[in-house]
Amino acid sequence: MLTEDTPSHLDYDDLVARYNTGLVDNLRSFGFHTDYLDMWVPDEDVARSLLNLMEAAATVGCPALSLRLGAESLASLDFAGFEAAAAGRGRVVLTREGQGAILSVTELRAPAATVVAVNRTEAKRAADTAVAAAAIARPLLQPQDLAPLYSAAIAALAAAVPAPVCPPANAIKVTAQRDGLVLDAWIEPQTHIIRAVAHHGARSPAARGLAEAMAQAVMGLPVLEAADHGMIRVEFTLRGHIAHRPVAGIVTPEAADPAFALGSALLRDLLAEYRRVTGFAEIHNDFDPGPGPAWMAADEDTRRRMLTDALAADGFPLALIDISAIEYHVRVVLSLSGELGADAARALVALERCIKRRVDDRLELFLSELKDSNQTRRLSEQGAEKP
């Protein structure tokens with residue numbers, strides 16, 4: 001078992017292999033038992049993958065890393081480029097060892113936009129404080145444009161006519177305002193759910209499109225969820241499900257485009273105002289939206305047809321995919337064969353991306369457990385389990 005107290009070097013190639021195995025066997029937690037490794041997502045580009053790992057470690061306050069690189073990883077690494085990119089994050093030293101090398105990273109620190117903390121709870125509290133402090137230190141201005149990745153979606157939202165606002169009679173209205181952009185939210189005090197949203201004061205199409213994206217994203221969410229993850233939802237929706245990642249490493253809205261910082265501040269201001277008006281003091285967010293109504297209303301046969309239609313639309317070979325079970329409304333268990341089964345971890349990622357995009361974003365894909373094909377060994381193990 002790997003823990004934060006494990007001595008000597010971390011084997012980079014083994015970590016990548018365990019990550020890929022986790023996609024097949026576990027999918028939602030990779031069993032590393034450290035905050036930063038559970039946050040890390042490897043990349044096919046070794047340099048980018050190492051930068052991601054450094055950022056994840058620095059985010060939880062880890063001061064140093066020591067990694068063993070195998071011959072193949074070392075051959076794929078442009079160390080000069082990696083060293084230049086890592087210069088602002090720590091001091092890196094590469095020491096040859098046989099066919100591989102040891103990569104030592106000391107004086108590890110997070111990028112300027114990342115808050116360093118000792119654990120996830122402290123990281124969240126520190127992040128809230130940092131956002132508030134940054135807003136005080138420098139005014140957040142309405143954007144004149146956003147990155148090209150988002151421009152088409154922003155333009156469509158800016159041109160759309162907002163739906164009429166019909167707040168329920170028992171809702172409490174709270175308002176947030178930054179640089180003249182005003183966000184009004186009507187929140188139901190019994191459930192703390194946002195029931196209606198309106199905005200005004202935008203001075204550019206980009207600001208108007210961003211405000212409309214925010215209004216649509218947080219409608220029907222608890223106000224705590226809107227403040228915690230509202231802009232993450234906005235950024236992901238604007239770039240589309242299949243668009244490339246906007247930045248290397250851990251994607252945050254502000255890292256993807258500074259314009260999102262205004263939206264983050266507005267949503268946190270709404271939460272702060274709601275706390276002030278109502279005395280709402282909850283800080284633990286366990287919100288799960290669940291699947292959409294179309295999926296929940298469908299019977300088993302219809303759900304299977306929805307899944308196979310989606311996979312066929314993306315060109316996946318249905319003959320190699322067997323839907324073994326649909327469990328707990330969100331868990332789709334698959335068996336893969338042929339070329340898909342040969343690289344099951346990579347195939348599962350692509351299949352899940354398709355299902356989330358075409359069927360329901362809440363669905364999760366798992367591989368069915370493979371039984372040992374050796375009948376003698378299997379019977380022996382079954383006998384050992386008997387008391």
# chains A, B, ... in the order shown; residues from 1 in each chain; ligands from 1
>>> residues_around(residues="stretch 267-279 of chain A", least_positions_apart="2", cutoff="9 Å", atoms="only C-alpha atoms", output="ChimeraX atom specification")
/A:128,131-132,172-177,183-185,187,189,214,223-224,226-228,230-231,262-265,281
>>> write_last_selection(atoms="N, CA and C atoms", output="compact mmCIF listing (two decimals), in the first residue's frame")
# COMPACT_ATOMS: atom_id res chain seq x y z
N ASP A 128 -11.60 29.54 -0.41
CA ASP A 128 -12.64 30.54 -0.21
C ASP A 128 -12.04 31.87 0.26
N VAL A 131 -10.06 33.57 -2.66
CA VAL A 131 -10.92 34.22 -3.65
C VAL A 131 -11.43 35.55 -3.14
N ALA A 132 -11.87 35.56 -1.87
CA ALA A 132 -12.37 36.81 -1.29
C ALA A 132 -11.26 37.86 -1.21
N ILE A 172 -36.70 33.73 -1.33
CA ILE A 172 -36.01 34.93 -0.83
C ILE A 172 -35.07 35.44 -1.93
N LYS A 173 -35.18 36.72 -2.24
CA LYS A 173 -34.34 37.30 -3.27
C LYS A 173 -33.03 37.79 -2.67
N VAL A 174 -31.92 37.38 -3.28
CA VAL A 174 -30.60 37.90 -2.90
C VAL A 174 -29.92 38.41 -4.17
N THR A 175 -29.05 39.38 -4.01
CA THR A 175 -28.43 40.04 -5.15
C THR A 175 -26.92 40.14 -4.95
N ALA A 176 -26.18 39.94 -6.04
CA ALA A 176 -24.73 40.16 -6.06
C ALA A 176 -24.40 41.07 -7.23
N GLN A 177 -23.38 41.92 -7.04
CA GLN A 177 -23.03 42.88 -8.08
C GLN A 177 -21.53 43.09 -8.12
N LEU A 183 -26.48 40.04 -10.55
CA LEU A 183 -27.08 38.71 -10.57
C LEU A 183 -28.08 38.63 -9.43
N ASP A 184 -29.34 38.39 -9.78
CA ASP A 184 -30.41 38.22 -8.79
C ASP A 184 -30.78 36.75 -8.73
N ALA A 185 -30.96 36.24 -7.53
CA ALA A 185 -31.37 34.84 -7.36
C ALA A 185 -32.48 34.77 -6.32
N ILE A 187 -34.19 32.21 -3.84
CA ILE A 187 -33.81 30.96 -3.20
C ILE A 187 -34.89 30.52 -2.23
N PRO A 189 -36.11 29.01 0.99
CA PRO A 189 -35.42 28.85 2.28
C PRO A 189 -35.55 27.45 2.88
N MET A 214 -24.28 31.45 -16.60
CA MET A 214 -24.34 31.25 -15.16
C MET A 214 -25.77 31.03 -14.70
N VAL A 223 -27.86 26.58 -3.25
CA VAL A 223 -27.00 27.75 -3.35
C VAL A 223 -25.56 27.40 -2.98
N LEU A 224 -25.35 26.43 -2.07
CA LEU A 224 -24.00 26.02 -1.71
C LEU A 224 -23.31 25.33 -2.89
N ALA A 226 -24.03 25.87 -6.03
CA ALA A 226 -23.80 26.91 -7.03
C ALA A 226 -22.51 27.66 -6.73
N ALA A 227 -22.28 27.98 -5.46
CA ALA A 227 -21.06 28.70 -5.09
C ALA A 227 -19.83 27.82 -5.22
N ASP A 228 -19.95 26.54 -4.87
CA ASP A 228 -18.79 25.63 -4.91
C ASP A 228 -18.42 25.23 -6.33
N GLY A 230 -20.52 26.03 -9.39
CA GLY A 230 -21.29 26.65 -10.47
C GLY A 230 -20.45 27.03 -11.66
N MET A 231 -19.30 27.65 -11.44
CA MET A 231 -18.47 28.07 -12.56
C MET A 231 -17.75 26.90 -13.22
N LEU A 262 -14.84 36.62 -12.47
CA LEU A 262 -15.97 37.48 -12.16
C LEU A 262 -17.18 36.64 -11.78
N GLY A 263 -17.46 35.59 -12.56
CA GLY A 263 -18.60 34.73 -12.25
C GLY A 263 -18.43 34.01 -10.93
N SER A 264 -17.24 33.51 -10.64
CA SER A 264 -16.99 32.84 -9.36
C SER A 264 -17.27 33.77 -8.20
N ALA A 265 -16.81 35.01 -8.33
CA ALA A 265 -17.03 35.99 -7.26
C ALA A 265 -18.51 36.30 -7.07
N ALA A 281 -25.82 28.40 7.59
CA ALA A 281 -24.44 28.22 8.03
C ALA A 281 -23.81 26.92 7.53
>>> residues_around(residues="A:Asp301", least_positions_apart="6", cutoff="12 Å", atoms="only C-alpha atoms", output="list in words")
Trp295, Leu307, Thr308, Ile323, Ala325 and Ile326 of chain A
>>> closest_residue(among="A:Phe260, A:Tyr19, A:Phe366, A:Tyr328", to="A:Arg233", atoms="only C-alpha atoms")
A:Phe260
>>> select_by_dssp(residues="stretch 186-348 of chain A", states="strand (DSSP E)", output="PyMOL selection string")
chain A and resi 186-188+193-200+321-327+331-336
>>> write_last_selection(atoms="C-alpha atoms", output="PDB file, in the first residue's frame")
ATOM      1  CA  TRP A 186     -34.586  33.721  -5.703  1.00  0.00           C
ATOM      2  CA  ILE A 187     -33.808  30.956  -3.200  1.00  0.00           C
ATOM      3  CA  GLU A 188     -36.290  28.686  -1.453  1.00  0.00           C
ATOM      4  CA  ILE A 193     -32.430  25.709  -3.829  1.00  0.00           C
ATOM      5  CA  ILE A 194     -32.184  28.483  -6.420  1.00  0.00           C
ATOM      6  CA  ARG A 195     -35.616  28.659  -8.075  1.00  0.00           C
ATOM      7  CA  ALA A 196     -35.142  31.658 -10.375  1.00  0.00           C
ATOM      8  CA  VAL A 197     -32.221  33.736 -11.676  1.00  0.00           C
ATOM      9  CA  ALA A 198     -32.038  37.043 -13.522  1.00  0.00           C
ATOM     10  CA  HIS A 199     -29.172  39.287 -14.598  1.00  0.00           C
ATOM     11  CA  HIS A 200     -28.738  42.805 -15.926  1.00  0.00           C
ATOM     12  CA  ILE A 321     -19.783  -4.594 -26.162  1.00  0.00           C
ATOM     13  CA  ASP A 322     -22.162  -6.429 -23.837  1.00  0.00           C
ATOM     14  CA  ILE A 323     -24.246  -4.462 -21.318  1.00  0.00           C
ATOM     15  CA  SER A 324     -24.090  -6.826 -18.345  1.00  0.00           C
ATOM     16  CA  ALA A 325     -26.186  -4.792 -15.918  1.00  0.00           C
ATOM     17  CA  ILE A 326     -27.592  -1.372 -15.055  1.00  0.00           C
ATOM     18  CA  GLU A 327     -27.371  -0.856 -11.299  1.00  0.00           C
ATOM     19  CA  ARG A 331     -23.939   2.316 -12.840  1.00  0.00           C
ATOM     20  CA  VAL A 332     -23.633   0.690 -16.282  1.00  0.00           C
ATOM     21  CA  VAL A 333     -21.618  -2.549 -16.198  1.00  0.00           C
ATOM     22  CA  LEU A 334     -20.024  -3.657 -19.472  1.00  0.00           C
ATOM     23  CA  SER A 335     -18.120  -6.642 -20.813  1.00  0.00           C
ATOM     24  CA  LEU A 336     -15.689  -5.867 -23.625  1.00  0.00           C
TER      25      LEU A 336
END
>>> atom_distance(atom1="atom CA of A:Pro222", atom2="atom CA of A:Ala147")
28.8 Å
>>> select_by_dssp(residues="stretch 35-117 of chain A", states="helix (DSSP H, G or I)", output="PyMOL selection string")
chain A and resi 35-39+46-59+71-76+79-85
>>> atom_distance(atom1="atom CA of A:Pro258", atom2="atom CA of A:Ala206")
12.8 Å
>>> closest_residue(among="A:Asp78, A:Glu107, A:Asp257, A:Leu266", to="A:Leu94", atoms="only C-alpha atoms")
A:Asp78
>>> atom_distance(atom1="atom CA of A:Thr302", atom2="atom CA of A:Ser337")
23.6 Å
>>> residues_around(residues="A:Ala47", least_positions_apart="5", cutoff="9 Å", atoms="only C-alpha atoms", output="number ranges by chain")
A: 52, 76-79, 81-83, 85
>>> write_last_selection(atoms="N, CA and C atoms", output="mmCIF file, in the first residue's frame")
data_model
loop_
_atom_site.group_PDB
_atom_site.id
_atom_site.type_symbol
_atom_site.label_atom_id
_atom_site.label_comp_id
_atom_site.auth_asym_id
_atom_site.auth_seq_id
_atom_site.Cartn_x
_atom_site.Cartn_y
_atom_site.Cartn_z
ATOM 1 N N ASN A 52 1.486 17.840 -14.037
ATOM 2 C CA ASN A 52 0.212 17.616 -13.349
ATOM 3 C C ASN A 52 0.444 17.043 -11.954
ATOM 4 N N SER A 76 10.809 9.396 -23.678
ATOM 5 C CA SER A 76 9.719 10.248 -24.170
ATOM 6 C C SER A 76 9.751 11.647 -23.569
ATOM 7 N N LEU A 77 10.619 11.848 -22.571
ATOM 8 C CA LEU A 77 10.626 13.120 -21.844
ATOM 9 C C LEU A 77 11.607 14.100 -22.469
ATOM 10 N N ASP A 78 11.109 15.256 -22.902
ATOM 11 C CA ASP A 78 11.958 16.377 -23.313
ATOM 12 C C ASP A 78 12.327 17.129 -22.039
ATOM 13 N N PHE A 79 13.468 16.747 -21.435
ATOM 14 C CA PHE A 79 13.778 17.274 -20.109
ATOM 15 C C PHE A 79 14.017 18.779 -20.138
ATOM 16 N N GLY A 81 12.607 21.047 -22.034
ATOM 17 C CA GLY A 81 11.316 21.713 -22.048
ATOM 18 C C GLY A 81 10.585 21.558 -20.730
ATOM 19 N N PHE A 82 10.669 20.347 -20.157
ATOM 20 C CA PHE A 82 10.032 20.110 -18.864
ATOM 21 C C PHE A 82 10.656 20.980 -17.776
ATOM 22 N N GLU A 83 11.976 21.073 -17.763
ATOM 23 C CA GLU A 83 12.677 21.868 -16.750
ATOM 24 C C GLU A 83 12.274 23.331 -16.837
ATOM 25 N N ALA A 85 9.381 24.483 -18.056
ATOM 26 C CA ALA A 85 7.986 24.617 -17.631
ATOM 27 C C ALA A 85 7.838 24.473 -16.129
#
>>> residues_around(residues="A:Leu141", least_positions_apart="6", cutoff="9 Å", atoms="only C-alpha atoms", output="JSON, numbers by chain")
{"A": [178, 179, 180, 181, 259, 262]}
>>> write_last_selection(atoms="C-alpha atoms", output="PDB file, in the first residue's frame")
ATOM      1  CA  ARG A 178     -19.542  43.262  -9.543  1.00  0.00           C
ATOM      2  CA  ASP A 179     -18.502  46.032 -11.933  1.00  0.00           C
ATOM      3  CA  GLY A 180     -22.127  46.809 -12.703  1.00  0.00           C
ATOM      4  CA  LEU A 181     -23.063  43.233 -13.610  1.00  0.00           C
ATOM      5  CA  ALA A 259     -12.991  36.118 -17.251  1.00  0.00           C
ATOM      6  CA  LEU A 262     -15.970  37.483 -12.155  1.00  0.00           C
TER       7      LEU A 262
END
